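Structure record follows, encoded as C-alpha cells.
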Amino acid sequence: MALLEVTDLNTRFRTDDGIVKAVSGVSFTVESGETLGVVGESGSGKSVTFLTLMGLVDRRHAEVSGSVRFDGQEILGASGKQLQKIRGRRIGMIFQDPMTSLNPVKKIGWQLEEAVLLHNDVTHDEARRRAIEILKEVEIPKADTRIDDYPHQFSGGMRQRVMIAMALINNPEVLIADEPTTALDVTTQAQILRLMTKLQEEHGMAIVMITHDLGVVAELSDDVLVMYGGRVVEQAEVDDLFTKPEMPYTWGLLGSLPRLDITSARLEQIPGQPPSLLHPPSGCAFNPRCAYAFDRCHEELPELRAGAVGEGHRFRCHLSDDERARIWEAKKASLGAAEGSAA
Amino acid sequence: MLYFLIRRFFWAIFLFLVATIITYIIFYVIPSDPAHIACGTHCTPQIVAHVRKSLHLDLPIYQQYWLFLWNMIKHQSLGYSYADGEQVNTIIRQDVPVTASLVFGGAVFWLSISIPIGILSALRPRSILDRFGMVFVLIGISAPAVWIGLILAYVVGFKLGWTPIATYCNLLPTSGVGTCSGPAEWAYHLILPWMTFMFLFAALYVRLIRANVMETMSEDYVRTARAKGASSSRVLFQHVLRNSMLPVVTILGMDIGLALGGAVFTEFVFNLRGLGSQLIQSANRDDLPVVVGIVVFACIAVIIFNFLVDVAYAWLDPRIRLST
Amino acid sequence: MRRKHLLSLLMLCTGVALLIAATTVGVASSATQKASSAKALRGGTLRVNQSAGAFDTLDPGLAYVTNDWEVLYSTQLLLVNFPNKAGAAGSQLFPEAARAFPTISKNGKTVTFNLRSGQRFNDGSPVTAASYQRAWERILSPKMYAQYGIFDQLNKMVVGAQKFTDGKAAHISGISAKGLTLTFHLTKANPTFVSIMGMQWFGAVKPSMKYTKSSGGVLKYPSAGPYYIATNQPGRLVVLKRNKFYHGSRLANPNQIVIQSFPNSNGEASLLQIEKNQVDFDMAGVPAADVKTVAAKYGGPNKGQFHVGTQACIIWEAFNNAKAPTDNVNVRKALNYAIGRTPIIKQLGPYAGAASDQILVKGLPGYKKFSIYGNYPNFAKAKAVGGSALSNAPTLNIYYNQASAVRTTEATFEAAQLSHIGLKTKLEPSDPTDYYGPIETKGTDYNIAHSGWCADYFDPFDFINVNFDGRSIQQTGNVDYFYFNNSSFNSQMDHAASLSGPARSAAYAALDKTLMSKYAPAFPLYVPTFRYLTSKRVKNVIYSNYFGYPILNAMSVG
C-alpha cells in the first residue's frame, strides 16, 4: 500500500470572474522513502495540488473533490483537528521563499519549539533541546546561540535550513518541498539539495519535490509527475522520462536542458503563455503552444495512457506512437548537434 | 540608541521652532491689536501705548519671539495671557487633564471596539458583521464630530437618561469646589465624549485593522504556521495579530495630533474646558501667548508620542532598530 | 451696563441648527410644572452654566458687562441696593449698608451716608466708610485699566476726582470716610447721585484691596454681600459661598453657587442638562432656535420652568450723524420708516422682545410710551420724508459683526429694505474681536451699526445725556458714537438733568419724544427680553429687569 495515494483530485476556486479549475483529475502515489518530482510552470497546478491535500486552501472559496488517502486513511475533507494532527507531525512542508515564510517578529527558537509543542507533550526545555539538535542537523553553525535570533538575522540559505529543520523536527513520513531552492543562489541551492538528500537517508522520509527545475528532478527523484494546465500530462520513472519523453510539452522542457547531468540548469520558456485556468482551451490544454497539434487536439482531451514501457509511464497525447518516436529521434539528434557545436 | 535619542532631540527642537515661528508669523500677519484686547474694551490711547510697552508689543516680531524663547528657557514660563493676565502655564495645566482624559480614554474606547470588529470582519469578509462594520465606518467617516456628539447627548444622555449630558469631573477627588469629582464620576461623565471619539476613529481603525489582518493572513509565514499544524486561533493570536498591529501603532502615533483636533469639537459639544476649547477661545481673542503655549504643548505631546510609538514599534518588530 | 454680550458664535448656530431636528422630535406633551410656592428654602448647591461666554472680570473696579454684575450683585454690599423682589418693586432702591437714604445738604452738594454697624466682610473684618472710599478710588485710579466713558461723569461729579484720576492727588479730596460716616462733596447738585450708588462698582471692598494692572483684575477678595467668591478660575469656574456675616434683607438661599463657564460651547448641551435636572440655570438663556419648542413644552412663559423677563435695555441701530448720508435728518427719518422693526425681531424667535421707537425704556422716570415711525416697513412714507435727500445720497455703510449669523442676516435685510427707497448700501464686516473700537473712534466711516444700551442706573440721564451729549465726543472711546451734537438739544438736556421729581420726569419724557421726532439720531429697534429655563428643583425665581437676569442668591434648591 502506498503511503500517499491521490485519486482524481479536483480543486476549483470560485472567483468574481468565474470558476478557476486549478487542479483537474490528478492521481498519483507516493511510496515510503521515495522521492516524487513534480514539474511544471507556474500556474500548472502543482503547488495547489499539495496545498489541497494538506487542507491549506481556503475552504470558503474552494471546491475540492476526489480522494487523498494517507497511510490508508482518507484525509480529504477531514476535520480541522484531524488535519492539524497530520500537518507538521506526519507530513512536513517547506515553501519557496524562506525570506517570507518565517514569522518576522518571533525568534526562530520560538518557531521551532512551537512546532514541537504543537504535537508533543514535552516541556519547553525539551522542545528547545530538540530545536537546537535539529538546527545542528541542518548544519547551522553555533546553533545553540543562533536559536535566539530573529529570522531577519539569517541569510536566505540559512533560513531555508531553518524551514527544513522546522518541517523535519517531528520526523514526518512525508516532506513536501514546494520549490525549496528557487529563491536561492546557485551555490546555496546545491547545498540545500545535498542536505535534503542526506536527511532523507537519515530519516527515511518520502519527499515530494515540487519544482520547475528539471535538473533538481533529475538529481533527486525516483518518479516524476509533469503537470500542465492543472492536469498531469506525463508521469514516469525518472530515467524513462529523460530517455524517452512521450509528449511535446515534456520535449519542450527537455529541449531547454543541454545535458541531463547538469543540476543547475533552468527551464527555458516554452514559446507562448501558460493556459488560462478560468477559460481553458478546448481539447488538449497544450494545443495553442504545440508545434504538432492537429484537429483532434483542439476537440478532444487526450486520455492519460500508457506507452511502450507499460503502465509505469503514462502521458496525454493524440500523436501516434510512430509520430512521437520519429519526432523525438529528430529532437535528440538536434540536441546532440547543438551539444557538439557547443563543444 | 544614543544616536537615536540625539537625533530625536534635535528633530524635536527643529519641529518646535518651526511650529512656534509659524504661529508667531500667523499672528503677525493677521491684523489685530493685542494691546487693545489686553486693556479691555475701553482704553485711552495712552493706556494702549502703556499696555503695548508692558507686553513688549512695541518690539519687532523677531524680538518678541526671542523674548518668548528666552522666558521659556530661563523661567520655564510660557508668558501671560493677553486677555485675562493669567499665567499660560497655569491655563495649560488646568486644561491638559481634560483633553488628556478625553483623548486617551477615547483611544482606549475606539481601540477596544475596532480591534475585535476589525479582526472578526477580516476573518469573515462579506459576512453580516463585516457589512455592519462597513455601515459603522461610513457613519464615522461622513458624520461630523459635532453631529455625533449632539445626537449622543440627546439620545443617550437626554432621552434614555443613561449618562450625564455634559461637563467634566476631576479624576482625583477634590473637596470644597462643589463640583463632581473622583474616578467614578470622571468616567461616568466622560462616557459620551469617549463614545463620540469612538465613532470618529473606530471607523478608520476597523478598516485599517481589517485590511491589515487580511493582508497578514495571506502572508507566507501564516501558511507556514498552518502547515506546522497550528490551530486557527493559535495562528490568529500568535502569528497574525502582532504583525497586523504594527501599522496600527504607527497610525495611532500620528493620530494624536488628529485627536487633539477632534477634541476641539468634542469639547465644544460636551462643555469640556480642555485645550481644544481654550485654543478656539484664545484664537478668537487674538491671545497669542495662550495659542503659542498650546502649540508648544501640542508639539511636546506629538514628539513624546512619536518617541513612544518608535519604542513600541521597535519592541513589536525586531527588524526595527532604534539606531537606524 | 451699556453693552450686552449679544454676539453669538458661528459655531453656536451650527450646533443649534443640528439639534433643532432632534429637539422637535423629542418635544412631548409634557406636564407643566406648577409654579412652586414662594416659600424659599435654604441649602443645596445652585449649579449654573454660562454657555458661549465667560466673565471678563469679577473685580468690582473693572466689571462692566451684564453677567459680571449678575454675580457681583450676590457678593457686593452696596450703600443702596435693589431688593429681592419681583416686578417694579425690585427696581426700587433701598438703603442696604446705609442706615437710611443719605442726608443731602441744602445746596445739594454734600451727601452724607451713615453706615449700619456690625456689617462684616466674609473674613470677619468690619465694613466701614473707608470700604466705600476705596471702591471709588479703585474705579477712578490711573493705576487701573478701566476707563469707561461713564467715568467722565464720575470725575466731573465729585470734587477732586479728576485730579485723582490724572495722578495729581493721592486720594479723592471730595470723599471723606470717618468710621461709619461717608461724605461726598459734589461739584454741583446731582439728583441721580443716589441712583448711581446702586451700581455694582460701588460695593464695599477692603481698604487694603490692591490696584491691579491685570486685565482680569483681582480674582478673589473679601466681600460683604450675601456671598463671597470662594473659587475663581477665569474662563472656567466661579464658586460663590455664603457669607456667614451677612445679615441683610437680601436672600442667601443656596449654600453655594457654582458657575461653570464654557466660552466655546453650544448652549444645547446646557439646555438638555437643565431639562434633566443636571444643571439649574444657564446664564446664556435658551438658544434662540429652541425657544419655540421649549416654551411649548413648559406651557408658555412664566408658567413653570420657562421664563421670559424684560430687560432695562434698548437695542438700536446707531446712525452716524456726522457722515453722509446719515448726517441728513430726513435720511435718518426715512430710515426709521423704511427698515421695519417687527421683521427683524421675528428672526430672534418668540418672546424676543417688544418693538420700540423711543430711547427710554419702561421703569425709567420719564418713560412715556409713544410711537412715531411704526413697526412695519413703510416705504411710501420713507420716500415722502426723505425726498431729494434720498436720491442724492451716497452709499451707506452697514457695519456688522460677521461672526454672528443673526447680525449678518440683519445687515442683509437692512440693505434690502433700503434698496426699496433707492439707497445704495455697502456691507462692512467688523473685526470679530473688536466690534466697538472702530465705531467709537471719531471720524468712523460707518453709517448704520447694531448696538444697544442697558441701564447703568434707573435714571433717564443714563440714556439721554450719556449717549447724545455731543460735547462729550473725544478722539476715541466715544459713548456718543452717534456723533450727535446739537447745541439746542445740549442745553435742553442740561436743564432736564438739573431738575428733580415730577418736573424731571416730564422734562425727560419731552426730550425722548423730541429726540426721536425731530432728530432721529438712531433707529431704536426693540426692548429685549431674557428667555431662560430653570431646572425642576429651582424655586423662588425672582427676575430683575435691572440686571436682566433672575437673582442667583434668591433661587432656592434646598
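Ligands are numbered from 1 in the order shown, chains are lettered A, B, ... in the order of the C-alpha cells, and residues start at 1 in each chain.
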
When you look at Val224 in chain A with a cut-off of 7 Å (counting only C-alpha atoms), what residues show up, excluding the ones that are within fewer than 2 positions of it in the same chain? I need them as a list in words. Leu36, Gly37, Val38, Ser221, Asp222, Val226, Gln235, Ala236, Glu237 and Val238 of chain A

For the residues in the current selection, export N, CA, C and O atoms as a PDB file, in the first residue's frame.
ATOM      1  N   LEU A  36       9.266  11.905  -5.123  1.00  0.00           N
ATOM      2  CA  LEU A  36       8.467  12.218  -6.289  1.00  0.00           C
ATOM      3  C   LEU A  36       8.793  13.629  -6.733  1.00  0.00           C
ATOM      4  O   LEU A  36       8.720  14.571  -5.938  1.00  0.00           O
ATOM      5  N   GLY A  37       9.186  13.779  -7.995  1.00  0.00           N
ATOM      6  CA  GLY A  37       9.403  15.130  -8.515  1.00  0.00           C
ATOM      7  C   GLY A  37       8.147  15.592  -9.227  1.00  0.00           C
ATOM      8  O   GLY A  37       7.521  14.830  -9.952  1.00  0.00           O
ATOM      9  N   VAL A  38       7.738  16.835  -8.964  1.00  0.00           N
ATOM     10  CA  VAL A  38       6.571  17.374  -9.656  1.00  0.00           C
ATOM     11  C   VAL A  38       7.031  18.608 -10.421  1.00  0.00           C
ATOM     12  O   VAL A  38       7.533  19.549  -9.833  1.00  0.00           O
ATOM     13  N   SER A 221      14.905  12.709  -7.864  1.00  0.00           N
ATOM     14  CA  SER A 221      13.649  11.978  -7.892  1.00  0.00           C
ATOM     15  C   SER A 221      13.782  10.519  -8.275  1.00  0.00           C
ATOM     16  O   SER A 221      14.707  10.115  -8.976  1.00  0.00           O
ATOM     17  N   ASP A 222      12.788   9.748  -7.818  1.00  0.00           N
ATOM     18  CA  ASP A 222      12.605   8.393  -8.306  1.00  0.00           C
ATOM     19  C   ASP A 222      11.566   8.420  -9.412  1.00  0.00           C
ATOM     20  O   ASP A 222      11.765   7.854 -10.470  1.00  0.00           O
ATOM     21  N   VAL A 226       4.713  15.343 -14.514  1.00  0.00           N
ATOM     22  CA  VAL A 226       4.753  16.601 -15.254  1.00  0.00           C
ATOM     23  C   VAL A 226       3.332  17.149 -15.285  1.00  0.00           C
ATOM     24  O   VAL A 226       2.401  16.445 -15.654  1.00  0.00           O
ATOM     25  N   GLN A 235       3.618  11.012 -16.579  1.00  0.00           N
ATOM     26  CA  GLN A 235       4.240  10.553 -15.358  1.00  0.00           C
ATOM     27  C   GLN A 235       5.049   9.305 -15.644  1.00  0.00           C
ATOM     28  O   GLN A 235       4.651   8.432 -16.397  1.00  0.00           O
ATOM     29  N   ALA A 236       6.239   9.284 -15.017  1.00  0.00           N
ATOM     30  CA  ALA A 236       7.146   8.194 -15.368  1.00  0.00           C
ATOM     31  C   ALA A 236       8.233   8.080 -14.307  1.00  0.00           C
ATOM     32  O   ALA A 236       8.390   8.971 -13.468  1.00  0.00           O
ATOM     33  N   GLU A 237       8.973   6.973 -14.355  1.00  0.00           N
ATOM     34  CA  GLU A 237      10.182   6.910 -13.533  1.00  0.00           C
ATOM     35  C   GLU A 237      11.180   7.875 -14.152  1.00  0.00           C
ATOM     36  O   GLU A 237      11.143   8.129 -15.354  1.00  0.00           O
ATOM     37  N   VAL A 238      12.081   8.373 -13.308  1.00  0.00           N
ATOM     38  CA  VAL A 238      12.910   9.478 -13.765  1.00  0.00           C
ATOM     39  C   VAL A 238      13.728   9.133 -15.011  1.00  0.00           C
ATOM     40  O   VAL A 238      13.816   9.908 -15.949  1.00  0.00           O
TER      41      VAL A 238
END

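By only C-alpha atoms, and with residues fewer than 3 positions from range 276-291 of chain C along its chain excluded, the set lying at most 6 Å from it is Arg47, Val48, Asn49, Gln50, Ser51, Gln273, Val294, Ala295, Gly349, Arg531, Tyr532, Thr534 and Ser535 of chain C.
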
Quick check: residues of chain B within 8 Å of chain A, only C-alpha atoms, returned as a compact mmCIF listing (two decimals) with N, CA, C and O atoms, in the first residue's frame.
# COMPACT_ATOMS: atom_id res chain seq x y z
N GLU B 219 0.00 36.10 4.37
CA GLU B 219 1.46 36.06 4.40
C GLU B 219 1.95 34.61 4.38
O GLU B 219 1.29 33.71 4.89
N ASP B 220 3.14 34.42 3.83
CA ASP B 220 3.72 33.08 3.75
C ASP B 220 3.92 32.45 5.12
O ASP B 220 3.71 31.25 5.30
N TYR B 221 4.32 33.26 6.10
CA TYR B 221 4.61 32.66 7.40
C TYR B 221 3.35 32.18 8.10
O TYR B 221 3.41 31.33 8.98
N VAL B 222 2.20 32.73 7.70
CA VAL B 222 0.95 32.24 8.27
C VAL B 222 0.66 30.85 7.69
O VAL B 222 0.25 29.93 8.39
N ARG B 223 0.92 30.71 6.39
CA ARG B 223 0.77 29.40 5.77
C ARG B 223 1.73 28.40 6.43
O ARG B 223 1.36 27.27 6.72
N THR B 224 2.95 28.88 6.71
CA THR B 224 3.91 28.01 7.39
C THR B 224 3.35 27.53 8.73
O THR B 224 3.42 26.35 9.06
N ARG B 226 0.28 27.27 9.64
CA ARG B 226 -0.79 26.30 9.48
C ARG B 226 -0.23 24.96 9.04
O ARG B 226 -0.69 23.90 9.49
N ALA B 227 0.81 24.99 8.21
CA ALA B 227 1.44 23.74 7.78
C ALA B 227 2.10 23.01 8.94
O ALA B 227 2.28 21.81 8.92
N LYS B 228 2.44 23.77 9.97
CA LYS B 228 3.02 23.16 11.17
C LYS B 228 1.98 22.42 11.99
O LYS B 228 2.30 21.67 12.88
N GLY B 229 0.71 22.71 11.69
CA GLY B 229 -0.35 22.07 12.45
C GLY B 229 -0.96 22.95 13.51
O GLY B 229 -1.64 22.47 14.40
N ALA B 230 -0.70 24.27 13.44
CA ALA B 230 -1.29 25.16 14.44
C ALA B 230 -2.77 25.37 14.15
O ALA B 230 -3.17 25.41 13.00
N SER B 231 -3.56 25.50 15.20
CA SER B 231 -4.99 25.71 15.02
C SER B 231 -5.25 27.15 14.55
O SER B 231 -4.40 28.02 14.68
N HIS B 239 0.48 34.48 15.44
CA HIS B 239 1.21 34.86 14.24
C HIS B 239 0.65 36.07 13.53
O HIS B 239 1.38 36.87 12.97
N ARG B 242 0.11 40.24 16.13
CA ARG B 242 1.19 41.18 16.39
C ARG B 242 1.68 41.83 15.10
O ARG B 242 1.93 43.02 15.05
N ASN B 243 1.75 40.99 14.05
CA ASN B 243 2.22 41.54 12.78
C ASN B 243 1.23 42.54 12.20
O ASN B 243 1.62 43.55 11.62
N LEU B 316 7.77 45.73 19.14
CA LEU B 316 6.88 44.83 18.42
C LEU B 316 7.56 44.17 17.23
O LEU B 316 7.29 43.03 16.90
N ASP B 317 8.43 44.92 16.58
CA ASP B 317 9.04 44.40 15.37
C ASP B 317 10.56 44.38 15.50
O ASP B 317 11.21 45.41 15.41
N PRO B 318 11.13 43.18 15.71
CA PRO B 318 12.57 43.09 15.94
C PRO B 318 13.40 43.54 14.74
O PRO B 318 14.59 43.77 14.87
N ARG B 319 12.77 43.67 13.58
CA ARG B 319 13.53 44.11 12.41
C ARG B 319 13.92 45.58 12.53
O ARG B 319 14.84 46.04 11.89

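Picture a line from CA of Gln73 in chain A to CA of Leu3 in chain A; it runs 9.7 Å.
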
Any idea what's packed within 9 Å of Tyr351 in chain C, counting only C-alpha atoms, ignoring anything in its chain fewer than 6 positions away? Could you give it as a PyMOL selection string? chain C and resi 291-292+301+308+528-531

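Atom pair CA of Pro226 in chain C / CA of Ala135 in chain C has a distance of 18.0 Å (rounded to one decimal).
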